[in-house]
$ cat work11.cif   # mmCIF, C-alpha atoms
data_model
#
loop_
_atom_site.group_PDB
_atom_site.id
_atom_site.type_symbol
_atom_site.label_atom_id
_atom_site.label_comp_id
_atom_site.auth_asym_id
_atom_site.auth_seq_id
_atom_site.Cartn_x
_atom_site.Cartn_y
_atom_site.Cartn_z
ATOM 1 C CA MET A 1 54.665 57.682 43.977
ATOM 2 C CA SER A 2 53.349 58.233 47.499
ATOM 3 C CA ILE A 3 49.574 58.118 47.183
ATOM 4 C CA ARG A 4 49.505 57.796 50.949
ATOM 5 C CA HIS A 5 51.158 61.146 51.553
ATOM 6 C CA GLY A 6 49.349 62.821 48.684
ATOM 7 C CA LEU A 7 46.008 61.964 50.277
ATOM 8 C CA LEU A 8 47.254 63.169 53.672
ATOM 9 C CA ALA A 9 48.205 66.496 52.075
ATOM 10 C CA LEU A 10 44.701 66.892 50.639
ATOM 11 C CA LEU A 11 43.032 65.912 53.923
ATOM 12 C CA ASP A 12 45.200 68.452 55.738
ATOM 13 C CA GLN A 13 43.063 71.072 53.992
ATOM 14 C CA GLY A 14 39.853 69.626 55.402
ATOM 15 C CA PRO A 15 37.708 66.469 55.474
ATOM 16 C CA ARG A 16 36.977 64.824 52.133
ATOM 17 C CA TYR A 17 35.511 61.616 50.778
ATOM 18 C CA GLY A 18 37.063 59.184 48.304
ATOM 19 C CA TYR A 19 35.822 60.578 45.001
ATOM 20 C CA GLN A 20 36.795 64.103 46.053
ATOM 21 C CA LEU A 21 40.297 62.945 46.928
ATOM 22 C CA ARG A 22 40.713 61.160 43.616
ATOM 23 C CA SER A 23 39.480 64.180 41.636
ATOM 24 C CA GLU A 24 41.676 66.649 43.506
ATOM 25 C CA PHE A 25 44.753 64.429 43.307
ATOM 26 C CA GLU A 26 44.358 64.088 39.533
ATOM 27 C CA ALA A 27 43.580 67.787 39.082
ATOM 28 C CA ARG A 28 46.791 68.803 40.859
ATOM 29 C CA THR A 29 48.934 66.378 38.891
ATOM 30 C CA GLY A 30 47.173 66.778 35.543
ATOM 31 C CA ALA A 31 46.014 63.135 35.749
ATOM 32 C CA THR A 32 49.618 62.126 35.051
ATOM 33 C CA TRP A 33 49.236 59.361 37.638
ATOM 34 C CA PRO A 34 45.521 58.484 37.519
ATOM 35 C CA LEU A 35 43.956 56.792 40.530
ATOM 36 C CA ASN A 36 40.940 54.552 40.681
ATOM 37 C CA VAL A 37 38.588 55.080 43.563
ATOM 38 C CA GLY A 38 39.255 51.583 44.908
ATOM 39 C CA GLN A 39 42.918 52.495 45.247
ATOM 40 C CA VAL A 40 41.933 55.631 47.167
ATOM 41 C CA TYR A 41 39.682 53.779 49.617
ATOM 42 C CA THR A 42 42.254 51.026 50.127
ATOM 43 C CA THR A 43 44.844 53.664 51.023
ATOM 44 C CA LEU A 44 42.380 55.444 53.313
ATOM 45 C CA GLY A 45 41.716 52.168 55.104
ATOM 46 C CA ARG A 46 45.442 51.722 55.756
ATOM 47 C CA LEU A 47 45.820 55.320 56.898
ATOM 48 C CA GLU A 48 42.918 54.847 59.318
ATOM 49 C CA ARG A 49 44.439 51.586 60.577
ATOM 50 C CA ASP A 50 47.727 53.433 61.237
ATOM 51 C CA GLY A 51 45.961 56.230 63.092
ATOM 52 C CA LEU A 52 46.795 58.896 60.498
ATOM 53 C CA VAL A 53 43.192 59.588 59.452
ATOM 54 C CA GLU A 54 39.824 59.071 61.097
ATOM 55 C CA SER A 55 36.210 58.886 60.050
ATOM 56 C CA ALA A 56 34.541 62.300 59.936
ATOM 57 C CA GLY A 57 30.942 61.198 59.390
ATOM 58 C CA GLU A 58 28.717 61.087 56.313
ATOM 59 C CA ASP A 59 26.784 63.651 54.330
ATOM 60 C CA ASP A 60 23.131 63.393 53.267
ATOM 61 C CA GLU A 61 24.161 61.420 50.179
ATOM 62 C CA GLY A 62 25.992 58.785 52.198
ATOM 63 C CA HIS A 63 29.545 59.867 51.357
ATOM 64 C CA GLN A 64 32.012 58.734 54.026
ATOM 65 C CA PHE A 65 34.298 61.635 54.974
ATOM 66 C CA TYR A 66 37.811 61.288 56.374
ATOM 67 C CA ALA A 67 39.878 63.772 58.371
ATOM 68 C CA VAL A 68 43.585 63.853 59.130
ATOM 69 C CA THR A 69 44.626 63.233 62.749
ATOM 70 C CA ASP A 70 47.422 64.935 64.689
ATOM 71 C CA GLU A 71 49.586 61.884 63.978
ATOM 72 C CA GLY A 72 48.729 62.253 60.306
ATOM 73 C CA ARG A 73 49.824 65.890 60.299
ATOM 74 C CA THR A 74 53.089 64.922 61.959
ATOM 75 C CA GLU A 75 53.670 62.251 59.312
ATOM 76 C CA LEU A 76 52.856 64.735 56.544
ATOM 77 C CA ARG A 77 55.308 67.311 57.894
ATOM 78 C CA ARG A 78 57.974 64.602 58.159
ATOM 79 C CA TRP A 79 57.330 63.714 54.492
ATOM 80 C CA PHE A 80 57.708 67.324 53.376
ATOM 81 C CA ASP A 81 60.856 67.801 55.470
ATOM 82 C CA THR A 82 62.607 64.572 54.339
ATOM 83 C CA PRO A 83 64.338 64.330 50.937
ATOM 84 C CA VAL A 84 63.075 61.588 48.639
ATOM 85 C CA PRO A 85 65.641 58.774 49.070
ATOM 86 C CA ARG A 86 67.651 57.533 46.094
ATOM 87 C CA THR A 87 69.176 54.549 47.909
ATOM 88 C CA ASN A 88 66.431 52.281 46.534
ATOM 89 C CA PRO A 89 65.551 53.741 43.123
ATOM 90 C CA PRO A 90 62.239 52.645 41.621
ATOM 91 C CA ARG A 91 62.343 49.960 38.948
ATOM 92 C CA ASP A 92 62.689 51.465 35.506
ATOM 93 C CA GLU A 93 61.139 49.306 32.785
ATOM 94 C CA LEU A 94 63.300 50.772 30.018
ATOM 95 C CA ALA A 95 66.556 50.136 31.909
ATOM 96 C CA ILE A 96 65.432 46.580 32.688
ATOM 97 C CA LYS A 97 64.446 45.999 29.045
ATOM 98 C CA LEU A 98 67.853 47.097 27.728
ATOM 99 C CA ALA A 99 69.707 45.174 30.432
ATOM 100 C CA MET A 100 67.865 42.039 29.325
ATOM 101 C CA ALA A 101 68.188 42.799 25.610
ATOM 102 C CA VAL A 102 71.990 42.950 25.648
ATOM 103 C CA THR A 103 72.164 39.500 27.241
ATOM 104 C CA ILE A 104 69.599 37.687 25.058
ATOM 105 C CA PRO A 105 70.899 36.319 21.726
ATOM 106 C CA GLY A 106 68.984 37.419 18.655
ATOM 107 C CA VAL A 107 67.680 40.718 20.041
ATOM 108 C CA ASP A 108 68.450 43.757 17.872
ATOM 109 C CA VAL A 109 69.404 46.059 20.731
ATOM 110 C CA ALA A 110 70.143 48.995 18.413
ATOM 111 C CA ALA A 111 66.601 48.742 17.031
ATOM 112 C CA VAL A 112 65.206 48.700 20.562
ATOM 113 C CA VAL A 113 67.140 51.882 21.383
ATOM 114 C CA GLN A 114 66.099 53.628 18.172
ATOM 115 C CA GLY A 115 62.447 52.689 18.637
ATOM 116 C CA GLN A 116 62.440 54.007 22.179
ATOM 117 C CA ARG A 117 64.152 57.222 21.121
ATOM 118 C CA ARG A 118 61.432 57.896 18.524
ATOM 119 C CA HIS A 119 58.756 57.274 21.144
ATOM 120 C CA SER A 120 60.496 59.483 23.716
ATOM 121 C CA MET A 121 60.977 62.307 21.216
ATOM 122 C CA LYS A 122 57.251 62.262 20.449
ATOM 123 C CA ALA A 123 56.436 62.267 24.168
ATOM 124 C CA LEU A 124 58.780 65.236 24.661
ATOM 125 C CA GLN A 125 57.010 67.151 21.894
ATOM 126 C CA ASP A 126 53.621 66.365 23.476
ATOM 127 C CA TYR A 127 54.774 67.488 26.932
ATOM 128 C CA THR A 128 56.205 70.687 25.473
ATOM 129 C CA ARG A 129 52.900 71.482 23.756
ATOM 130 C CA LEU A 130 51.030 70.837 26.997
ATOM 131 C CA LYS A 131 53.413 73.152 28.830
ATOM 132 C CA GLY A 132 52.681 75.900 26.294
ATOM 133 C CA ARG A 133 48.950 75.482 26.844
ATOM 134 C CA ALA A 134 49.409 75.402 30.625
ATOM 135 C CA LEU A 135 51.376 78.666 30.526
ATOM 136 C CA ALA A 136 48.759 80.294 28.318
ATOM 137 C CA ALA A 137 45.954 79.203 30.641
ATOM 138 C CA ASP A 138 47.767 80.002 33.888
ATOM 139 C CA THR A 139 45.439 81.927 36.190
ATOM 140 C CA GLY A 140 47.959 82.213 39.003
ATOM 141 C CA SER A 141 46.286 79.514 41.104
ATOM 142 C CA GLY A 142 48.160 76.883 43.038
ATOM 143 C CA GLY A 143 46.562 74.164 40.920
ATOM 144 C CA ASP A 144 47.960 75.675 37.708
ATOM 145 C CA LEU A 145 51.420 75.891 39.257
ATOM 146 C CA ALA A 146 51.206 72.287 40.485
ATOM 147 C CA TRP A 147 50.364 71.029 36.976
ATOM 148 C CA LEU A 148 53.134 73.137 35.436
ATOM 149 C CA LEU A 149 55.716 71.715 37.852
ATOM 150 C CA VAL A 150 54.622 68.163 37.042
ATOM 151 C CA LEU A 151 54.844 68.875 33.309
ATOM 152 C CA GLU A 152 58.320 70.334 33.626
ATOM 153 C CA GLN A 153 59.457 67.313 35.624
ATOM 154 C CA LEU A 154 58.185 65.071 32.813
ATOM 155 C CA ILE A 155 60.015 67.206 30.244
ATOM 156 C CA PHE A 156 63.324 67.103 32.141
ATOM 157 C CA GLN A 157 62.941 63.369 32.760
ATOM 158 C CA THR A 158 62.257 62.665 29.072
ATOM 159 C CA GLU A 159 65.179 64.837 27.966
ATOM 160 C CA ALA A 160 67.441 62.885 30.327
ATOM 161 C CA GLU A 161 66.076 59.612 28.939
ATOM 162 C CA ILE A 162 66.891 60.676 25.376
ATOM 163 C CA ARG A 163 70.439 61.615 26.406
ATOM 164 C CA TRP A 164 70.802 58.240 28.106
ATOM 165 C CA LEU A 165 69.585 56.461 24.950
ATOM 166 C CA ASP A 166 72.206 58.362 22.935
ATOM 167 C CA HIS A 167 74.793 57.176 25.445
ATOM 168 C CA CYS A 168 73.508 53.588 25.171
ATOM 169 C CA GLU A 169 73.885 53.705 21.385
ATOM 170 C CA SER A 170 77.474 54.938 21.748
ATOM 171 C CA ARG A 171 78.216 52.269 24.365
ATOM 172 C CA LEU A 172 76.814 49.560 22.073
ATOM 173 C CA GLY A 173 79.108 50.757 19.275
ATOM 174 C CA GLN A 174 82.167 50.639 21.545
ATOM 175 C CA HIS A 175 81.222 47.159 22.742
ATOM 176 C CA ALA A 176 80.849 45.909 19.165
ATOM 177 C CA GLU A 177 84.283 47.318 18.275
ATOM 178 C CA ARG A 178 85.906 45.581 21.253
ATOM 179 C CA GLN A 179 84.272 42.298 20.335
ATOM 180 C CA ALA A 180 85.437 42.604 16.735
ATOM 181 C CA ALA A 181 88.998 43.360 17.879
ATOM 182 C CA ALA A 182 88.989 40.416 20.314
ATOM 183 C CA THR A 183 87.799 38.083 17.551
ATOM 184 C CA ALA A 184 90.466 39.288 15.116
ATOM 185 C CA GLU A 185 93.461 39.001 17.506
ATOM 186 C CA PRO A 186 93.673 35.163 17.691
ATOM 187 C CA ALA A 187 93.712 34.939 13.893
ATOM 188 C CA ALA A 188 96.644 37.354 13.712
ATOM 189 C CA ALA A 189 98.649 35.671 16.473
ATOM 190 C CA PRO A 190 99.795 32.415 14.742
ATOM 191 C CA PRO A 191 101.746 34.142 11.927
ATOM 192 C CA ALA A 192 103.661 36.146 14.535
ATOM 193 C CA ARG A 193 104.656 32.978 16.429
ATOM 194 C CA ARG A 194 105.809 31.288 13.208
ATOM 195 C CA THR A 195 108.031 34.272 12.481
ATOM 196 C CA VAL A 196 109.662 33.973 15.895
ATOM 197 C CA LYS A 197 110.310 30.230 15.416
ATOM 198 C CA SER A 198 111.698 30.864 11.938
ATOM 199 C CA ARG A 199 114.212 33.358 13.318
ATOM 200 C CA ALA A 200 115.206 30.934 16.046
ATOM 201 C CA ARG A 201 115.915 28.206 13.500
ATOM 202 C CA GLY A 202 117.955 30.710 11.484
ATOM 203 C CA ARG A 203 120.217 31.362 14.481
ATOM 204 C CA LEU A 204 120.817 27.604 14.915
#

$ encode --input "work11.cif" --output "structure tokens"
Amino acid sequence: MSIRHGLLALLDQGPRYGYQLRSEFEARTGATWPLNVGQVYTTLGRLERDGLVESAGEDDEGHQFYAVTDEGRTELRRWFDTPVPRTNPPRDELAIKLAMAVTIPGVDVAAVVQGQRRHSMKALQDYTRLKGRALAADTGSGGDLAWLLVLEQLIFQTEAEIRWLDHCESRLGQHAERQAAATAEPAAAPPARRTVKSRARGRL
């Protein structure tokens, strides 16, 4: 998640201070990725260091405002114009967990998959309910559309996760069958060799 570019996008609409940026970021994403204000100010400090934002003074209550610079606007446009790269995918905890589970003796991998599927199904139901409420409350504003898009991304992502878990369960079954077959083959081999030797002795 690019907090850096998200804050630049908000500042492109005018100067804001930290708490405003946090509130607007969460409002537009439905608090799906909550920020703490320390995280916001740390990011603002880095943006200011890089010349992408600058101090825009304080109000009567002592709030420090920030404004986007020309360099910041250029960076923001570059972000919007550049596809999100998939060459370095983010770490996925579930994929890592299953990758570890299949290599650690004593772990019931099927139970891990089933437990995650139940959790993901419940999450999908929750997201679907939220989408229904968002559609019912849609006032036509950009903020409502932003939240709806985030919700739909979560729905599609969770549906894909459930399909992947189904695939994992099938793959585990195939792996177990191959292991069982590999274990059974050596036991069946000796009788076959004895039969060959017996026929050879018969020809002598």

$ atom_distance --input "work11.cif" --atom1 "atom CA of A:Glu24" --atom2 "atom CA of A:Asp60"
21.2 Å

$ residues_around --input "work11.cif" --residues "stretch 61-67 of chain A" --least-positions-apart "4" --cutoff "8 Å" --atoms "all atoms listed in the file" --output "PyMOL selection string"
chain A and resi 11-12+14-18+53-57

$ residues_near_point --input "work11.cif" --point "(47.5, 65.5, 64.3)" --cutoff "12 Å" --atoms "all atoms listed in the file" --output "list in words"
Leu8, Leu11, Asp12, Gly51, Leu52, Val53, Glu54, Ala67, Val68, Thr69, Asp70, Glu71, Gly72, Arg73, Thr74, Glu75, Leu76 and Arg77 of chain A

$ closest_residue --input "work11.cif" --among "A:Glu161, A:Asp144, A:Glu152, A:Asp92" --to "A:His119" --atoms "all atoms listed in the file"
A:Glu161

$ residues_around --input "work11.cif" --residues "A:Gln157" --least-positions-apart "5" --cutoff "12 Å" --atoms "all atoms listed in the file" --output "PyMOL selection string"
chain A and resi 120-121+123-124+127+150-152+162-164

$ atom_distance --input "work11.cif" --atom1 "atom CA of A:Val84" --atom2 "atom CA of A:Ala134"
26.5 Å

$ closest_residue --input "work11.cif" --among "A:Leu130, A:Ala146, A:Leu44, A:Ala137" --to "A:Phe25" --atoms "all atoms listed in the file"
A:Ala146

$ closest_residue --input "work11.cif" --among "A:Asn36, A:Glu169, A:Ile104, A:Lys131" --to "A:Ser23" --atoms "all atoms listed in the file"
A:Asn36

$ closest_residue --input "work11.cif" --among "A:Thr42, A:Val109, A:Asp59, A:Glu26" --to "A:Ala176" --atoms "all atoms listed in the file"
A:Val109

$ axis_aligned_box --input "work11.cif" --around "stretch 83-99 of chain A" --padding-each-side "5 Å" --output "AutoDock Vina command-line options"
--center_x 65.4 --center_y 54.8 --center_z 39.3 --size_x 18.6 --size_y 29.2 --size_z 33.2

$ residues_around --input "work11.cif" --residues "A:Arg171" --least-positions-apart "5" --cutoff "12 Å" --atoms "only C-alpha atoms" --output "number ranges by chain"
A: 102, 109-110, 113, 164-166, 176-178

$ write_last_selection --input "work11.cif" --atoms "C-alpha atoms" --output "PDB file, keeping the file's coordinate frame"
ATOM      1  CA  VAL A 102      71.990  42.950  25.648  1.00  0.00           C
ATOM      2  CA  VAL A 109      69.404  46.059  20.731  1.00  0.00           C
ATOM      3  CA  ALA A 110      70.143  48.995  18.413  1.00  0.00           C
ATOM      4  CA  VAL A 113      67.140  51.882  21.383  1.00  0.00           C
ATOM      5  CA  TRP A 164      70.802  58.240  28.106  1.00  0.00           C
ATOM      6  CA  LEU A 165      69.585  56.461  24.950  1.00  0.00           C
ATOM      7  CA  ASP A 166      72.206  58.362  22.935  1.00  0.00           C
ATOM      8  CA  ALA A 176      80.849  45.909  19.165  1.00  0.00           C
ATOM      9  CA  GLU A 177      84.283  47.318  18.275  1.00  0.00           C
ATOM     10  CA  ARG A 178      85.906  45.581  21.253  1.00  0.00           C
TER      11      ARG A 178
END

$ resolve_selection --input "work11.cif" --expression "the PyMOL selection byres ((chain A and resi 39-41) around 9)" --output "ChimeraX atom specification"
/A:3-4,7,17-19,21-22,35-38,42-46

$ atom_distance --input "work11.cif" --atom1 "atom CA of A:Leu149" --atom2 "atom CA of A:Thr29"
8.7 Å
